[in-house]
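> Please find target.cif (mmCIF, C-alpha atoms) on the next line:
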```cif
data_my_file
#
loop_
_atom_site.label_atom_id
_atom_site.label_comp_id
_atom_site.auth_asym_id
_atom_site.auth_seq_id
_atom_site.Cartn_x
_atom_site.Cartn_y
_atom_site.Cartn_z
CA MET A 1 19.62 31.72 29.08
CA THR A 2 22.50 29.33 28.35
CA GLU A 3 24.26 28.99 24.98
CA LYS A 4 22.53 25.63 24.40
CA GLU A 5 19.10 27.11 25.10
CA MET A 6 19.81 30.01 22.75
CA VAL A 7 20.86 27.62 19.97
CA GLN A 8 17.64 25.63 20.46
CA LEU A 9 15.55 28.81 20.38
CA ASN A 10 17.42 29.94 17.27
CA ASN A 11 16.69 26.66 15.48
CA LYS A 12 13.02 26.91 16.43
CA LYS A 13 12.63 30.49 15.19
CA ARG A 14 14.51 29.82 11.94
CA LYS A 15 11.66 27.58 10.82
CA LEU A 16 9.50 30.71 10.55
CA LEU A 17 11.74 32.29 7.90
CA THR A 18 10.88 32.33 4.22
CA PRO A 19 13.16 30.19 2.01
CA GLU A 20 14.99 33.29 0.72
CA ASN A 21 15.56 34.70 4.20
CA GLU A 22 16.52 31.27 5.53
CA VAL A 23 19.36 31.02 2.99
CA ALA A 24 20.60 34.54 3.77
CA TYR A 25 20.40 34.01 7.53
CA GLY A 26 22.11 30.63 7.24
CA ASP A 27 25.05 32.25 5.44
CA MET A 28 25.31 34.93 8.12
CA LEU A 29 25.08 32.33 10.89
CA ILE A 30 27.95 30.24 9.50
CA TYR A 31 30.13 33.30 8.90
CA LEU A 32 29.54 34.74 12.37
CA ARG A 33 29.93 31.48 14.28
CA LEU A 34 33.36 30.91 12.71
CA THR A 35 34.80 34.07 14.26
CA SER A 36 36.68 34.83 17.47
CA VAL A 37 33.58 36.29 19.15
CA PRO A 38 32.70 34.28 22.33
CA GLN A 39 29.84 31.85 21.82
CA LYS A 40 27.37 33.34 24.28
CA GLN A 41 27.74 36.82 22.85
CA MET A 42 27.51 35.43 19.33
CA GLU A 43 24.31 33.48 20.06
CA GLU A 44 22.75 36.62 21.57
CA LEU A 45 23.74 38.53 18.44
CA LEU A 46 22.31 35.86 16.13
CA LEU A 47 19.00 35.84 18.01
CA GLU A 48 18.84 39.62 17.75
CA ILE A 49 19.44 39.44 13.99
CA LEU A 50 16.82 36.71 13.66
CA ASP A 51 14.22 38.71 15.61
CA HIS A 52 14.81 41.77 13.40
CA LEU A 53 14.50 39.61 10.30
CA LEU A 54 11.28 37.94 11.44
CA GLU A 55 9.75 41.29 12.33
CA ALA A 56 10.67 42.82 8.97
CA GLN A 57 9.55 39.68 7.15
CA GLU A 58 5.98 40.39 8.25
CA ASP A 59 6.17 43.55 6.12
CA GLY A 60 7.39 41.57 3.12
CA LYS A 61 11.05 42.55 3.49
CA THR A 62 14.09 40.36 2.88
CA ALA A 63 17.43 40.14 4.66
CA HIS A 64 18.99 42.32 1.95
CA ASP A 65 16.33 44.98 2.48
CA ILE A 66 17.24 45.17 6.18
CA PHE A 67 20.98 44.55 6.32
CA GLY A 68 22.04 45.72 2.85
CA GLU A 69 23.12 43.96 -0.31
CA ASP A 70 26.53 43.03 1.12
CA LEU A 71 25.68 40.76 4.05
CA LYS A 72 29.34 39.92 4.61
CA ALA A 73 30.20 43.60 5.11
CA TYR A 74 27.34 43.91 7.60
CA CYS A 75 28.61 40.88 9.51
CA ASP A 76 32.13 42.34 9.55
CA GLU A 77 30.76 45.50 11.17
CA LEU A 78 29.11 43.41 13.88
CA ILE A 79 32.31 41.44 14.44
CA ASN A 80 34.46 44.57 14.71
CA SER A 81 32.15 46.03 17.36
CA SER A 82 32.05 42.82 19.43
CA GLU A 83 34.28 41.33 22.09
CA HIS A 84 36.83 38.79 20.84
CA GLN A 85 38.39 35.63 22.23
CA ASN A 86 41.99 35.86 23.39
CA SER A 87 44.79 34.01 21.59
CA PHE A 88 44.60 31.01 23.91
CA GLN A 89 40.87 30.61 23.33
CA GLN A 90 41.37 30.82 19.56
CA ALA A 91 44.12 28.18 19.70
CA ALA A 92 41.86 26.01 21.85
CA ILE A 93 39.32 25.82 19.00
CA ILE A 94 41.86 24.01 16.81
CA GLY A 95 43.10 22.06 19.81
CA PHE A 96 39.74 20.56 20.73
CA ALA A 97 39.15 19.43 17.14
CA VAL A 98 42.58 17.76 16.95
CA SER A 99 42.34 16.12 20.40
CA LEU A 100 38.91 14.70 19.51
CA LEU A 101 40.25 13.20 16.27
CA LEU A 102 43.21 11.66 18.13
CA ALA A 103 40.85 10.25 20.77
CA VAL A 104 38.75 8.65 18.02
CA GLN A 105 41.84 7.30 16.24
CA ILE A 106 43.44 5.72 19.31
CA GLY A 107 40.06 4.62 20.64
CA TYR A 108 39.38 2.81 17.36
CA ASP A 109 42.76 1.01 17.54
CA THR A 110 42.04 0.03 21.14
CA PHE A 111 38.55 -1.23 20.33
CA THR A 112 39.65 -3.31 17.31
CA THR A 113 42.51 -4.84 19.31
CA LEU A 114 40.12 -5.74 22.12
CA MET A 115 37.68 -7.35 19.66
CA GLN A 116 40.52 -9.39 18.13
CA LYS A 117 41.55 -10.65 21.55
CA LEU A 118 37.97 -11.59 22.48
CA PHE A 119 36.65 -13.07 19.24
CA SER A 120 39.66 -14.04 17.14
CA ASN A 121 42.51 -16.49 17.34
CA THR A 122 44.87 -13.79 16.13
CA ASN A 123 47.80 -13.36 18.51
CA THR A 124 47.96 -9.60 18.95
CA SER A 125 50.92 -8.29 20.94
CA GLY A 126 49.16 -5.04 21.79
CA ILE A 127 48.12 -1.71 20.33
CA PRO A 128 50.90 -0.21 18.19
CA PHE A 129 51.43 3.36 19.40
CA SER A 130 53.98 5.69 17.83
CA ILE A 131 54.91 8.94 19.56
CA PRO A 132 56.47 10.46 16.38
CA GLY A 133 53.44 9.31 14.38
CA THR A 134 51.02 10.79 16.90
CA ILE A 135 52.92 14.11 16.99
CA LEU A 136 53.02 14.28 13.19
CA SER A 137 49.32 13.41 13.00
CA ALA A 138 48.53 16.19 15.47
CA ILE A 139 50.53 18.70 13.41
CA VAL A 140 48.89 17.64 10.13
CA LEU A 141 45.41 17.69 11.66
CA THR A 142 46.05 21.10 13.25
CA ILE A 143 47.08 22.60 9.92
CA GLY A 144 44.14 20.90 8.21
CA ALA A 145 41.65 22.15 10.81
CA PHE A 146 42.98 25.70 10.49
CA ILE A 147 42.67 25.59 6.69
CA THR A 148 39.17 24.08 6.86
CA PHE A 149 37.90 26.71 9.32
CA SER A 150 39.43 29.47 7.20
CA LEU A 151 37.90 28.17 3.96
CA PHE A 152 34.51 27.57 5.56
CA ARG A 153 34.38 31.16 6.74
CA ARG A 154 35.70 32.53 3.45
CA PHE A 155 33.17 30.59 1.36
CA SER A 156 30.19 30.85 3.73
CA PHE A 157 28.25 33.25 1.46
CA THR A 158 28.98 31.49 -1.83
CA ILE A 159 29.57 27.78 -1.13
CA LEU A 160 25.98 26.76 -1.91
CA VAL A 161 26.32 27.91 -5.52
CA SER A 162 29.93 26.93 -6.22
CA TRP A 163 30.88 23.29 -6.71
CA LYS A 164 34.57 24.27 -6.84
CA GLN A 165 34.37 25.72 -3.34
CA LYS A 166 32.56 22.61 -2.09
CA ALA A 167 35.26 20.41 -3.61
CA LEU A 168 38.05 22.54 -2.12
CA LEU A 169 36.44 22.40 1.32
CA LEU A 170 36.06 18.61 1.13
CA LEU A 171 39.70 18.27 0.07
CA SER A 172 40.79 20.41 3.03
CA VAL A 173 39.18 17.80 5.30
CA PHE A 174 40.06 14.66 3.33
CA ILE A 175 43.74 15.29 2.57
CA PRO A 176 44.92 16.02 6.15
CA PHE A 177 42.95 13.00 7.41
CA VAL A 178 44.54 10.70 4.82
CA LEU A 179 48.03 12.11 5.51
CA SER A 180 47.47 11.55 9.22
CA VAL A 181 46.50 7.91 8.64
CA ILE A 182 49.49 7.36 6.33
CA ALA A 183 51.87 8.86 8.89
CA ASN A 184 50.52 6.59 11.61
CA VAL A 185 50.69 3.48 9.43
CA PHE A 186 54.26 4.30 8.36
CA PHE A 187 55.61 4.85 11.86
CA LYS A 188 53.86 1.75 13.17
CA THR A 189 55.79 -0.35 10.63
CA GLN A 190 59.14 0.89 11.98
CA PRO A 191 60.05 -1.36 14.95
CA TYR A 192 62.18 1.31 16.63
CA LEU A 193 59.53 4.03 16.41
CA PHE A 194 56.48 2.47 18.06
CA TYR A 195 55.51 0.86 21.34
CA ASN A 196 52.89 -1.81 21.92
CA LEU A 197 50.29 -0.55 24.38
CA SER A 198 48.12 -2.76 26.52
CA ILE A 199 44.34 -2.46 26.23
CA LEU A 200 44.28 -0.51 29.50
CA GLN A 201 46.99 1.89 28.33
CA GLY A 202 45.16 2.47 25.05
CA ALA A 203 41.93 3.17 26.91
CA LEU A 204 43.70 5.61 29.27
CA ILE A 205 45.33 7.51 26.39
CA THR A 206 41.98 7.68 24.59
CA LEU A 207 40.34 8.98 27.77
CA SER A 208 43.15 11.53 28.22
CA PHE A 209 42.65 12.95 24.73
CA TYR A 210 38.88 13.05 25.31
CA ILE A 211 39.31 14.94 28.59
CA LEU A 212 41.68 17.34 26.80
CA TYR A 213 39.04 17.81 24.10
CA LYS A 214 36.35 18.65 26.70
CA PHE A 215 38.69 21.07 28.50
CA LEU A 216 39.73 22.87 25.31
CA TYR A 217 36.13 22.99 24.09
CA ARG A 218 35.05 24.75 27.28
CA THR A 219 38.10 27.01 27.19
CA SER A 220 37.50 28.05 23.59
CA LYS A 221 33.91 29.17 24.35
CA PHE A 222 33.18 27.98 20.79
#
```
So that I can check it, write out the structure of this file as structure tokens.


Amino acid sequence: MTEKEMVQLNNKKRKLLTPENEVAYGDMLIYLRLTSVPQKQMEELLLEILDHLLEAQEDGKTAHDIFGEDLKAYCDELINSSEHQNSFQQAAIIGFAVSLLLAVQIGYDTFTTLMQKLFSNTNTSGIPFSIPGTILSAIVLTIGAFITFSLFRRFSFTILVSWKQKALLLLSVFIPFVLSVIANVFFKTQPYLFYNLSILQGALITLSFYILYKFLYRTSKF
């Protein structure tokens, strides 16, 4: 069974859980999926947990009755006894998120420039592309992605009941994105720091970042 098939089976079986067990299992799922355990092994583990929970649920038991009051501690035990991704695979998780965002950003600039050329009288000289701005955006987005993943995992068992944690998580996504946009806008206004790309060049760079995203996604086994 592939990872995709296991995820689909997981989603189907989760519908059989009681509301209380669904919340508990959802917390465990988020916490476990944001670890360095390879995806296939993790999906097998999640299905095993779900099967145990469904079986015990027939006897009127809850997730806490089966796995203990501290679900996080139980998950940590499972993580410690499992195989882990290597350093390159862990770095690839951040890399695929950043490369996808850069592909979207440059793709958007390419698309809007193309639309202006086709449907507007605006004389556009090309797509402004800044190497320093792109590098800085990648750094900011990498740091932001790392912080977001870390916070998501840290708050996975309490975020539903804490508005402060929800706000902090949203800020960890919003602030790096805004800083990335500001950096790009700033460098594009400096004539010696940007280069006007043609539509074809913009499309090729977008495609390159998308291919990098697909490669890193497969490498990460996320």

> Applied to the shown file, which residues does the PyMOL selection byres ((chain A and resi 167-172) around 10) return, written as a PyMOL selection string?

chain A and resi 143-152+155+159+162-166+173-177

> When the PyMOL selection byres ((chain A and resi 6) around 12) is applied to the file above, which residues end up in the set, as a list in words?

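Here the PyMOL selection byres ((chain A and resi 6) around 12) matches Met1, Thr2, Glu3, Lys4, Glu5, Val7, Gln8, Leu9, Asn10, Asn11, Lys12, Lys13, Gln39, Lys40, Gln41, Met42, Glu43, Glu44, Leu45, Leu46, Leu47, Glu48 and Leu50 of chain A.
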
> Emit the selected residues as a PDB file, in the coordinates of the input, including C-alpha atoms.


```pdb
ATOM      1  CA  MET A   1      19.620  31.720  29.080  1.00  0.00           C
ATOM      2  CA  THR A   2      22.500  29.330  28.350  1.00  0.00           C
ATOM      3  CA  GLU A   3      24.260  28.990  24.980  1.00  0.00           C
ATOM      4  CA  LYS A   4      22.530  25.630  24.400  1.00  0.00           C
ATOM      5  CA  GLU A   5      19.100  27.110  25.100  1.00  0.00           C
ATOM      6  CA  VAL A   7      20.860  27.620  19.970  1.00  0.00           C
ATOM      7  CA  GLN A   8      17.640  25.630  20.460  1.00  0.00           C
ATOM      8  CA  LEU A   9      15.550  28.810  20.380  1.00  0.00           C
ATOM      9  CA  ASN A  10      17.420  29.940  17.270  1.00  0.00           C
ATOM     10  CA  ASN A  11      16.690  26.660  15.480  1.00  0.00           C
ATOM     11  CA  LYS A  12      13.020  26.910  16.430  1.00  0.00           C
ATOM     12  CA  LYS A  13      12.630  30.490  15.190  1.00  0.00           C
ATOM     13  CA  GLN A  39      29.840  31.850  21.820  1.00  0.00           C
ATOM     14  CA  LYS A  40      27.370  33.340  24.280  1.00  0.00           C
ATOM     15  CA  GLN A  41      27.740  36.820  22.850  1.00  0.00           C
ATOM     16  CA  MET A  42      27.510  35.430  19.330  1.00  0.00           C
ATOM     17  CA  GLU A  43      24.310  33.480  20.060  1.00  0.00           C
ATOM     18  CA  GLU A  44      22.750  36.620  21.570  1.00  0.00           C
ATOM     19  CA  LEU A  45      23.740  38.530  18.440  1.00  0.00           C
ATOM     20  CA  LEU A  46      22.310  35.860  16.130  1.00  0.00           C
ATOM     21  CA  LEU A  47      19.000  35.840  18.010  1.00  0.00           C
ATOM     22  CA  GLU A  48      18.840  39.620  17.750  1.00  0.00           C
ATOM     23  CA  LEU A  50      16.820  36.710  13.660  1.00  0.00           C
TER      24      LEU A  50
END
```

> For the file shown, what are the residues hit by the PyMOL selection byres ((chain A and resi 54-59) around 9), laid out as a list in words?

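Expected selection for the PyMOL selection byres ((chain A and resi 54-59) around 9) here is Lys13, Arg14, Leu16, Leu17, Thr18, Asn21, Ile49, Leu50, Asp51, His52, Leu53, Gly60, Lys61, Thr62, Ala63, Asp65 and Ile66 of chain A.
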
> May I ask which of the residues A:Gly107, A:Tyr195, A:Ile30, A:Tyr74 is the closest one to Ser125 in chain A, counting only C-alpha atoms?

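Closest residue, counting only C-alpha atoms: A:Tyr195.
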
> Using all atoms listed in the file, which protein or nucleic acid residues come within 12 Å of Ile182 in chain A? Drop anything in the same chain fewer than 5 positions from it, and give the result as a list in words.

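Contacts, in chain order: Gly133, Thr134, Leu136, Ser137, Val140, Ile175, Pro176, Phe177, Phe187, Lys188 and Thr189 of chain A.
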
> Put those residues in a file: C-alpha atoms, as a PDB file, in the frame of the given file.


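Saved as selection11.pdb:
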```
ATOM      1  CA  GLY A 133      53.440   9.310  14.380  1.00  0.00           C
ATOM      2  CA  THR A 134      51.020  10.790  16.900  1.00  0.00           C
ATOM      3  CA  LEU A 136      53.020  14.280  13.190  1.00  0.00           C
ATOM      4  CA  SER A 137      49.320  13.410  13.000  1.00  0.00           C
ATOM      5  CA  VAL A 140      48.890  17.640  10.130  1.00  0.00           C
ATOM      6  CA  ILE A 175      43.740  15.290   2.570  1.00  0.00           C
ATOM      7  CA  PRO A 176      44.920  16.020   6.150  1.00  0.00           C
ATOM      8  CA  PHE A 177      42.950  13.000   7.410  1.00  0.00           C
ATOM      9  CA  PHE A 187      55.610   4.850  11.860  1.00  0.00           C
ATOM     10  CA  LYS A 188      53.860   1.750  13.170  1.00  0.00           C
ATOM     11  CA  THR A 189      55.790  -0.350  10.630  1.00  0.00           C
TER      12      THR A 189
END
```

> Expressed in Å to a single decimal, how great is the separation between CA of Tyr210 in chain A and CA of Thr113 in chain A?

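Atom-to-atom, CA of Tyr210 in chain A and CA of Thr113 in chain A are spaced 19.2 Å apart.
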
> For a test of reading the model, state the distance in Å between CA of Lys72 in chain A and CA of Ile94 in chain A, rounded to one decimal.

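Interatomic distance, CA of Lys72 in chain A to CA of Ile94 in chain A: 23.6 Å.
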
> Have a look at CA of Phe67 in chain A and CA of Asn86 in chain A and let me know their distance in Å, one decimal.

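CA of Asn86 in chain A lies at a distance of 28.4 Å from CA of Phe67 in chain A.
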
> Neighbouring residues of Gly95 in chain A were defined as those with any atom within 9 Å, considering all atoms listed in the file; residues of the same chain fewer than 3 positions away were excluded. Please report them as number ranges by chain.

A: 90-92, 98-100, 142, 212-213, 216-217
